[in-house]
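Just input.pdb here, PDB, C-alpha atoms and all ligand atoms:
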MODEL        1
ATOM      1  CA  MET F   1      -2.407  -3.364 -32.462  1.00  0.00           C
ATOM      2  CA  LEU F   2      -5.709  -3.743 -30.689  1.00  0.00           C
ATOM      3  CA  LYS F   3      -6.614  -0.179 -31.616  1.00  0.00           C
ATOM      4  CA  ARG F   4      -5.829  -0.791 -35.301  1.00  0.00           C
ATOM      5  CA  LEU F   5      -7.943  -3.924 -35.220  1.00  0.00           C
ATOM      6  CA  PHE F   6     -10.736  -1.941 -33.654  1.00  0.00           C
ATOM      7  CA  LEU F   7     -10.572   0.767 -36.359  1.00  0.00           C
ATOM      8  CA  ILE F   8     -10.611  -1.813 -39.150  1.00  0.00           C
ATOM      9  CA  ALA F   9     -13.508  -3.566 -37.486  1.00  0.00           C
ATOM     10  CA  LEU F  10     -15.369  -0.270 -37.070  1.00  0.00           C
ATOM     11  CA  LEU F  11     -14.971   0.504 -40.794  1.00  0.00           C
ATOM     12  CA  PHE F  12     -15.988  -2.856 -42.111  1.00  0.00           C
ATOM     13  CA  CYS F  13     -18.189  -4.279 -39.467  1.00  0.00           C
ATOM     14  CA  PRO F  14     -19.603  -2.058 -36.723  1.00  0.00           C
ATOM     15  CA  ALA F  15     -20.994  -5.129 -34.994  1.00  0.00           C
ATOM     16  CA  ALA F  16     -17.486  -6.556 -34.620  1.00  0.00           C
ATOM     17  CA  ALA F  17     -16.218  -3.250 -33.217  1.00  0.00           C
ATOM     18  CA  TRP F  18     -19.043  -3.381 -30.724  1.00  0.00           C
ATOM     19  CA  ALA F  19     -17.900  -6.807 -29.593  1.00  0.00           C
ATOM     20  CA  LEU F  20     -14.173  -6.059 -29.690  1.00  0.00           C
ATOM     21  CA  TYR F  21     -14.053  -2.770 -27.889  1.00  0.00           C
ATOM     22  CA  LYS F  22     -16.665  -2.915 -25.189  1.00  0.00           C
ATOM     23  CA  PRO F  23     -16.174   0.589 -23.709  1.00  0.00           C
ATOM     24  CA  MET F  24     -17.662   1.949 -26.972  1.00  0.00           C
ATOM     25  CA  ARG F  25     -20.948   0.521 -25.770  1.00  0.00           C
ATOM     26  CA  VAL F  26     -21.355   3.712 -23.790  1.00  0.00           C
ATOM     27  CA  LEU F  27     -22.350   5.242 -27.163  1.00  0.00           C
ATOM     28  CA  ALA F  28     -25.566   3.230 -27.050  1.00  0.00           C
ATOM     29  CA  PRO F  29     -25.865   1.827 -23.504  1.00  0.00           C
ATOM     30  CA  GLN F  30     -29.498   0.881 -24.011  1.00  0.00           C
ATOM     31  CA  LEU F  31     -28.270  -1.935 -26.260  1.00  0.00           C
ATOM     32  CA  VAL F  32     -26.629  -3.552 -23.236  1.00  0.00           C
ATOM     33  CA  ALA F  33     -28.998  -6.028 -21.626  1.00  0.00           C
ATOM     34  CA  GLY F  34     -30.987  -4.474 -18.812  1.00  0.00           C
ATOM     35  CA  VAL F  35     -29.774  -0.884 -19.266  1.00  0.00           C
ATOM     36  CA  SER F  36     -32.210   1.873 -20.167  1.00  0.00           C
ATOM     37  CA  CYS F  37     -31.526   5.551 -20.745  1.00  0.00           C
ATOM     38  CA  THR F  38     -34.031   7.465 -18.688  1.00  0.00           C
ATOM     39  CA  THR F  39     -32.739  10.786 -20.050  1.00  0.00           C
ATOM     40  CA  GLU F  40     -30.070  11.929 -22.540  1.00  0.00           C
ATOM     41  CA  THR F  41     -27.507  11.901 -19.748  1.00  0.00           C
ATOM     42  CA  ILE F  42     -28.567   9.197 -17.293  1.00  0.00           C
ATOM     43  CA  CYS F  43     -28.672   5.498 -18.119  1.00  0.00           C
ATOM     44  CA  ILE F  44     -29.320   2.877 -15.475  1.00  0.00           C
ATOM     45  CA  ASP F  45     -29.854  -0.853 -15.046  1.00  0.00           C
ATOM     46  CA  ASP F  46     -32.117  -0.531 -12.014  1.00  0.00           C
ATOM     47  CA  THR F  47     -34.730   2.138 -12.686  1.00  0.00           C
ATOM     48  CA  THR F  48     -35.918   2.052  -9.061  1.00  0.00           C
ATOM     49  CA  ARG F  49     -32.645   3.822  -8.198  1.00  0.00           C
ATOM     50  CA  TYR F  50     -33.117   6.613 -10.731  1.00  0.00           C
ATOM     51  CA  GLY F  51     -33.759   9.290  -8.067  1.00  0.00           C
ATOM     52  CA  GLU F  52     -30.492   8.447  -6.319  1.00  0.00           C
ATOM     53  CA  ALA F  53     -28.572   8.490  -9.611  1.00  0.00           C
ATOM     54  CA  GLU F  54     -30.070  11.834 -10.626  1.00  0.00           C
ATOM     55  CA  ARG F  55     -29.103  13.408  -7.293  1.00  0.00           C
ATOM     56  CA  LEU F  56     -25.538  12.110  -7.545  1.00  0.00           C
ATOM     57  CA  TYR F  57     -25.293  13.345 -11.134  1.00  0.00           C
ATOM     58  CA  ASN F  58     -26.592  16.848 -10.429  1.00  0.00           C
ATOM     59  CA  ASP F  59     -24.534  17.345  -7.271  1.00  0.00           C
ATOM     60  CA  ALA F  60     -21.322  16.231  -8.973  1.00  0.00           C
ATOM     61  CA  LEU F  61     -22.020  18.370 -12.044  1.00  0.00           C
ATOM     62  CA  ARG F  62     -22.641  21.429  -9.896  1.00  0.00           C
ATOM     63  CA  PHE F  63     -19.493  20.798  -7.867  1.00  0.00           C
ATOM     64  CA  VAL F  64     -17.196  20.287 -10.866  1.00  0.00           C
ATOM     65  CA  SER F  65     -18.659  23.222 -12.828  1.00  0.00           C
ATOM     66  CA  SER F  66     -18.215  25.623  -9.972  1.00  0.00           C
ATOM     67  CA  SER F  67     -14.941  24.508  -8.433  1.00  0.00           C
ATOM     68  CA  VAL F  68     -12.973  22.949 -11.310  1.00  0.00           C
ATOM     69  CA  ALA F  69     -14.099  24.189 -14.747  1.00  0.00           C
ATOM     70  CA  SER F  70     -17.256  24.729 -16.739  1.00  0.00           C
ATOM     71  CA  ILE F  71     -18.461  21.690 -18.649  1.00  0.00           C
ATOM     72  CA  GLU F  72     -19.185  22.210 -22.360  1.00  0.00           C
ATOM     73  CA  LYS F  73     -21.341  19.165 -22.904  1.00  0.00           C
ATOM     74  CA  ARG F  74     -22.861  17.292 -20.009  1.00  0.00           C
ATOM     75  CA  PRO F  75     -21.490  13.751 -19.957  1.00  0.00           C
ATOM     76  CA  ARG F  76     -23.703  10.706 -20.260  1.00  0.00           C
ATOM     77  CA  VAL F  77     -23.361   8.530 -17.157  1.00  0.00           C
ATOM     78  CA  VAL F  78     -24.277   4.856 -17.028  1.00  0.00           C
ATOM     79  CA  PHE F  79     -25.086   3.858 -13.458  1.00  0.00           C
ATOM     80  CA  CYS F  80     -24.561   0.106 -13.049  1.00  0.00           C
ATOM     81  CA  SER F  81     -26.008  -1.396  -9.914  1.00  0.00           C
ATOM     82  CA  THR F  82     -24.571  -4.824 -10.716  1.00  0.00           C
ATOM     83  CA  GLU F  83     -21.053  -5.956 -11.597  1.00  0.00           C
ATOM     84  CA  THR F  84     -22.490  -7.819 -14.601  1.00  0.00           C
ATOM     85  CA  CYS F  85     -23.682  -4.524 -16.059  1.00  0.00           C
ATOM     86  CA  PHE F  86     -20.291  -2.899 -15.410  1.00  0.00           C
ATOM     87  CA  GLN F  87     -18.440  -5.823 -16.964  1.00  0.00           C
ATOM     88  CA  SER F  88     -20.587  -5.585 -20.103  1.00  0.00           C
ATOM     89  CA  PHE F  89     -18.661  -2.388 -20.845  1.00  0.00           C
ATOM     90  CA  GLY F  90     -15.356  -4.256 -20.596  1.00  0.00           C
ATOM     91  CA  PHE F  91     -14.351  -3.189 -17.084  1.00  0.00           C
ATOM     92  CA  THR F  92     -13.606  -5.282 -14.019  1.00  0.00           C
ATOM     93  CA  LYS F  93     -11.003  -3.937 -11.608  1.00  0.00           C
ATOM     94  CA  SER F  94     -11.713  -0.192 -11.599  1.00  0.00           C
ATOM     95  CA  ALA F  95     -14.665   1.299  -9.738  1.00  0.00           C
ATOM     96  CA  ALA F  96     -15.619   3.659 -12.559  1.00  0.00           C
ATOM     97  CA  ASN F  97     -14.380   4.715 -15.989  1.00  0.00           C
ATOM     98  CA  THR F  98     -14.595   7.668 -18.329  1.00  0.00           C
ATOM     99  CA  VAL F  99     -14.406   6.955 -22.058  1.00  0.00           C
ATOM    100  CA  GLY F 100     -13.049  10.161 -23.675  1.00  0.00           C
ATOM    101  CA  VAL F 101     -15.954  12.571 -23.990  1.00  0.00           C
ATOM    102  CA  VAL F 102     -18.342   9.755 -24.871  1.00  0.00           C
ATOM    103  CA  GLY F 103     -19.487   8.892 -21.376  1.00  0.00           C
ATOM    104  CA  ILE F 104     -18.871   7.598 -17.878  1.00  0.00           C
ATOM    105  CA  ILE F 105     -19.605   4.156 -16.460  1.00  0.00           C
ATOM    106  CA  ILE F 106     -20.148   3.777 -12.748  1.00  0.00           C
ATOM    107  CA  SER F 107     -19.828   0.375 -11.051  1.00  0.00           C
ATOM    108  CA  PRO F 108     -21.949  -0.601  -8.016  1.00  0.00           C
ATOM    109  CA  ARG F 109     -18.898   0.352  -5.894  1.00  0.00           C
ATOM    110  CA  ALA F 110     -18.811   3.928  -7.134  1.00  0.00           C
ATOM    111  CA  TRP F 111     -22.249   5.314  -6.354  1.00  0.00           C
ATOM    112  CA  ASN F 112     -20.978   8.243  -4.319  1.00  0.00           C
ATOM    113  CA  GLN F 113     -20.147  11.906  -4.684  1.00  0.00           C
ATOM    114  CA  TYR F 114     -16.405  11.815  -4.972  1.00  0.00           C
ATOM    115  CA  TYR F 115     -16.329   9.015  -7.549  1.00  0.00           C
ATOM    116  CA  LEU F 116     -18.786  10.923  -9.720  1.00  0.00           C
ATOM    117  CA  ARG F 117     -16.777  14.129  -9.356  1.00  0.00           C
ATOM    118  CA  HIS F 118     -13.569  12.226 -10.123  1.00  0.00           C
ATOM    119  CA  GLU F 119     -14.954  10.866 -13.403  1.00  0.00           C
ATOM    120  CA  MET F 120     -16.490  14.205 -14.386  1.00  0.00           C
ATOM    121  CA  ILE F 121     -13.050  15.773 -13.913  1.00  0.00           C
ATOM    122  CA  HIS F 122     -11.666  13.239 -16.420  1.00  0.00           C
ATOM    123  CA  HIS F 123     -14.470  14.295 -18.764  1.00  0.00           C
ATOM    124  CA  VAL F 124     -13.469  17.977 -18.384  1.00  0.00           C
ATOM    125  CA  GLN F 125      -9.815  17.068 -19.026  1.00  0.00           C
ATOM    126  CA  ALA F 126     -10.811  15.394 -22.291  1.00  0.00           C
ATOM    127  CA  GLU F 127     -12.935  18.415 -23.269  1.00  0.00           C
ATOM    128  CA  ARG F 128     -10.245  20.972 -22.461  1.00  0.00           C
ATOM    129  CA  LEU F 129      -7.178  19.117 -23.722  1.00  0.00           C
ATOM    130  CA  GLY F 130      -8.726  16.941 -26.396  1.00  0.00           C
ATOM    131  CA  VAL F 131      -9.084  13.187 -26.036  1.00  0.00           C
ATOM    132  CA  TYR F 132      -5.669  12.366 -27.485  1.00  0.00           C
ATOM    133  CA  LYS F 133      -3.737  14.916 -25.448  1.00  0.00           C
ATOM    134  CA  GLN F 134      -5.515  13.861 -22.294  1.00  0.00           C
ATOM    135  CA  TRP F 135      -4.718  10.234 -22.962  1.00  0.00           C
ATOM    136  CA  ARG F 136      -1.035  11.121 -23.503  1.00  0.00           C
ATOM    137  CA  SER F 137      -0.741  13.398 -20.466  1.00  0.00           C
ATOM    138  CA  PRO F 138       1.183  12.077 -17.445  1.00  0.00           C
ATOM    139  CA  ASN F 139      -0.691   9.958 -14.919  1.00  0.00           C
ATOM    140  CA  TRP F 140       0.323  12.192 -12.036  1.00  0.00           C
ATOM    141  CA  PHE F 141      -1.582  15.000 -13.786  1.00  0.00           C
ATOM    142  CA  LYS F 142      -4.670  13.049 -14.943  1.00  0.00           C
ATOM    143  CA  GLU F 143      -5.183  11.001 -11.811  1.00  0.00           C
ATOM    144  CA  GLY F 144      -3.608  13.420  -9.347  1.00  0.00           C
ATOM    145  CA  MET F 145      -5.976  16.161 -10.488  1.00  0.00           C
ATOM    146  CA  ALA F 146      -9.030  13.905 -10.353  1.00  0.00           C
ATOM    147  CA  TYR F 147      -8.222  12.696  -6.826  1.00  0.00           C
ATOM    148  CA  SER F 148      -7.271  16.115  -5.568  1.00  0.00           C
ATOM    149  CA  LEU F 149      -9.946  18.377  -7.062  1.00  0.00           C
ATOM    150  CA  SER F 150     -12.772  15.890  -6.446  1.00  0.00           C
ATOM    151  CA  GLU F 151     -11.924  16.331  -2.749  1.00  0.00           C
ATOM    152  CA  ASP F 152     -11.620  12.593  -2.314  1.00  0.00           C
ATOM    153  CA  PRO F 153     -11.807  12.211   1.481  1.00  0.00           C
ATOM    154  CA  ARG F 154      -9.364   9.299   1.748  1.00  0.00           C
ATOM    155  CA  PRO F 155      -6.251  10.613   3.519  1.00  0.00           C
ATOM    156  CA  ILE F 156      -4.099   7.802   2.134  1.00  0.00           C
ATOM    157  CA  LEU F 157      -4.692   6.484  -1.366  1.00  0.00           C
ATOM    158  CA  VAL F 158      -3.345   3.240  -2.770  1.00  0.00           C
ATOM    159  CA  ASP F 159       0.037   3.832  -4.398  1.00  0.00           C
ATOM    160  CA  PRO F 160       0.850   5.230  -6.919  1.00  0.00           C
ATOM    161  CA  MET F 161      -2.271   7.423  -6.572  1.00  0.00           C
ATOM    162  CA  GLN F 162      -0.994   8.897  -3.318  1.00  0.00           C
ATOM    163  CA  GLN F 163       2.166  10.167  -5.089  1.00  0.00           C
ATOM    164  CA  TYR F 164       0.170  11.352  -8.100  1.00  0.00           C
ATOM    165  CA  ARG F 165      -2.086  13.434  -5.885  1.00  0.00           C
ATOM    166  CA  ALA F 166       0.861  14.945  -3.973  1.00  0.00           C
ATOM    167  CA  ARG F 167       2.711  15.736  -7.202  1.00  0.00           C
ATOM    168  CA  PHE F 168      -0.352  17.350  -8.770  1.00  0.00           C
ATOM    169  CA  GLU F 169      -0.989  19.484  -5.691  1.00  0.00           C
ATOM    170  CA  GLU F 170       2.571  20.758  -5.724  1.00  0.00           C
ATOM    171  CA  TRP F 171       2.344  21.563  -9.454  1.00  0.00           C
ATOM    172  CA  TYR F 172      -1.108  23.172  -9.058  1.00  0.00           C
ATOM    173  CA  GLN F 173       0.185  25.476  -6.337  1.00  0.00           C
ATOM    174  CA  SER F 174       2.927  26.709  -8.618  1.00  0.00           C
ATOM    175  CA  VAL F 175       0.777  27.238 -11.757  1.00  0.00           C
ATOM    176  CA  GLY F 176      -2.474  28.401 -10.124  1.00  0.00           C
ATOM    177  CA  LYS F 177      -6.064  27.902 -11.260  1.00  0.00           C
ATOM    178  CA  GLU F 178      -5.951  30.535 -14.006  1.00  0.00           C
ATOM    179  CA  ARG F 179      -3.102  28.893 -15.921  1.00  0.00           C
ATOM    180  CA  LEU F 180      -4.045  25.287 -15.250  1.00  0.00           C
ATOM    181  CA  TRP F 181      -5.179  24.287 -18.778  1.00  0.00           C
ATOM    182  CA  GLU F 182      -2.553  26.316 -20.568  1.00  0.00           C
ATOM    183  CA  GLU F 183       0.199  24.678 -18.514  1.00  0.00           C
ATOM    184  CA  ALA F 184      -1.404  21.243 -18.762  1.00  0.00           C
ATOM    185  CA  LYS F 185      -1.116  21.392 -22.548  1.00  0.00           C
ATOM    186  CA  ASN F 186       2.674  21.602 -22.175  1.00  0.00           C
ATOM    187  CA  LEU F 187       3.041  18.545 -19.975  1.00  0.00           C
TER     188      LEU F 187
HETATM  189 ZN    ZN S 201      -9.237   8.395 -12.548  1.00  0.00          ZN
ENDMDL
END

Structure translated into structure tokens:
Amino acid sequence: MLKRLFLIALLFCPAAAWALYKPMRVLAPQLVAGVSCTTETICIDDTTRYGEAERLYNDALRFVSSSVASIEKRPRVVFCSTETCFQSFGFTKSAANTVGVVGIIISPRAWNQYYLRHEMIHHVQAERLGVYKQWRSPNWFKEGMAYSLSEDPRPILVDPMQQYRARFEEWYQSVGKERLWEEAKNL
């Protein structure tokens, strides 16, 4: 219902869509108060932290490209250093979010390597499987893969993530890296 409302709003009144479905703001983050896009791919609300954001971005991109899968189009990442900035995109509880292939929003709690890698893995999933298929794929695959292949150092994750990671790792061992995307399409 909400989605239909959003589509109608997008057709007839883009401004209403903007207000109704906040994650779409990642399309034009510079319109969110205090956020500026320093480059095509890095937007930030505290420009004094640009160097740190750029390092995190490049390291995560290198890691994911070499150990998970090549990235077709580099994702835009919005680095929020305040919760207010993060909430402007409609998020509260999570530490970070990936909106299809549109972009990634990082909360002040997620400025670290494995969070960035985790979200970039979601971006790759959406590129490889398509946004709809990725959205419909089982959580144990989506989240399990992101926690596992990002090399998240936490030995115990909050449930159900712990089970998702274990289930993904078992599945991944049986399908292998070569057949990962082909098999993922059948899930
Ligand atoms: Zn995730």

For a test of reading the model, state the distance in Å between atom CA of Arg109 of chain F and atom CA of Ala95 of chain F, rounded to one decimal. 5.8 Å

Contact check, chain F to ligand ZN 201 (chain S), at most 7 Å, counting all atoms listed in the file, closest pairs as a tab-separated table:
residue	atom	partner	partner_atom	distance
F:His118	CA	S:ZN201	ZN	6.3
F:Glu119	CA	S:ZN201	ZN	6.3
F:His122	CA	S:ZN201	ZN	6.7
F:Lys142	CA	S:ZN201	ZN	6.9
F:Glu143	CA	S:ZN201	ZN	4.9
F:Ala146	CA	S:ZN201	ZN	5.9

Please indicate the distance in Å from atom CA of Lys133 of chain F to atom CA of Ser88 of chain F, rounded to one decimal place. 27.1 Å

Counting only C-alpha atoms, the option among F:Ser150, F:Ser174, F:Gln162, F:Thr41 closest to Asn112 of chain F: F:Ser150

Among listed residues F:Lys93, F:Arg74, F:Arg165, F:Lys177, nearest Asn139 of chain F (using only C-alpha atoms): F:Arg165

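Proximity of F:Val78, F:Ile121, F:Gly51, F:Glu182 to Ser65 of chain F, computed with all atoms listed in the file, is greatest for F:Ile121.
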
In Å to one decimal, how far is atom CA of Thr98 of chain F from atom CA of Ala33 of chain F?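 A separation of 20.1 Å between them.
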
Name the residues captured by the PyMOL selection byres (((chain F and resi 111) around 9) and not hetatm) when it is applied to the shown file; answer as a ChimeraX atom specification. /F:52-53,56,79-81,106-110,112-116

Given the choices F:Tyr57, F:Phe91, F:Trp140, F:Trp135, which gets closest to Pro23 of chain F if the distance is worked out from only C-alpha atoms?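 Between F:Tyr57, F:Phe91, F:Trp140, F:Trp135, the residue approaching Pro23 of chain F most closely is F:Phe91.
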
Counting all atoms listed in the file, the residue among F:Arg167, F:Arg25, F:Arg49, F:Arg128 that lies closest to Met145 of chain F is F:Arg167

Pick out the closest residue to Asp159 of chain F from this set: F:Ile104, F:Tyr132, F:Gly144, F:Pro75. Count all atoms listed in the file. F:Gly144

Show me the residues around (-24.0, -1.3, -24.5) - criterion: an atom at most 10 Å away, only C-alpha atoms counted - as an NGL selection string. :F and (18-19 or 22-36 or 78 or 85-86 or 88-90)

How about saving the chosen residues, C-alpha atoms kept, as a PDB file, in the frame of the given file?
ATOM      1  CA  TRP F  18     -19.043  -3.381 -30.724  1.00  0.00           C
ATOM      2  CA  ALA F  19     -17.900  -6.807 -29.593  1.00  0.00           C
ATOM      3  CA  LYS F  22     -16.665  -2.915 -25.189  1.00  0.00           C
ATOM      4  CA  PRO F  23     -16.174   0.589 -23.709  1.00  0.00           C
ATOM      5  CA  MET F  24     -17.662   1.949 -26.972  1.00  0.00           C
ATOM      6  CA  ARG F  25     -20.948   0.521 -25.770  1.00  0.00           C
ATOM      7  CA  VAL F  26     -21.355   3.712 -23.790  1.00  0.00           C
ATOM      8  CA  LEU F  27     -22.350   5.242 -27.163  1.00  0.00           C
ATOM      9  CA  ALA F  28     -25.566   3.230 -27.050  1.00  0.00           C
ATOM     10  CA  PRO F  29     -25.865   1.827 -23.504  1.00  0.00           C
ATOM     11  CA  GLN F  30     -29.498   0.881 -24.011  1.00  0.00           C
ATOM     12  CA  LEU F  31     -28.270  -1.935 -26.260  1.00  0.00           C
ATOM     13  CA  VAL F  32     -26.629  -3.552 -23.236  1.00  0.00           C
ATOM     14  CA  ALA F  33     -28.998  -6.028 -21.626  1.00  0.00           C
ATOM     15  CA  GLY F  34     -30.987  -4.474 -18.812  1.00  0.00           C
ATOM     16  CA  VAL F  35     -29.774  -0.884 -19.266  1.00  0.00           C
ATOM     17  CA  SER F  36     -32.210   1.873 -20.167  1.00  0.00           C
ATOM     18  CA  VAL F  78     -24.277   4.856 -17.028  1.00  0.00           C
ATOM     19  CA  CYS F  85     -23.682  -4.524 -16.059  1.00  0.00           C
ATOM     20  CA  PHE F  86     -20.291  -2.899 -15.410  1.00  0.00           C
ATOM     21  CA  SER F  88     -20.587  -5.585 -20.103  1.00  0.00           C
ATOM     22  CA  PHE F  89     -18.661  -2.388 -20.845  1.00  0.00           C
ATOM     23  CA  GLY F  90     -15.356  -4.256 -20.596  1.00  0.00           C
TER      24      GLY F  90
END
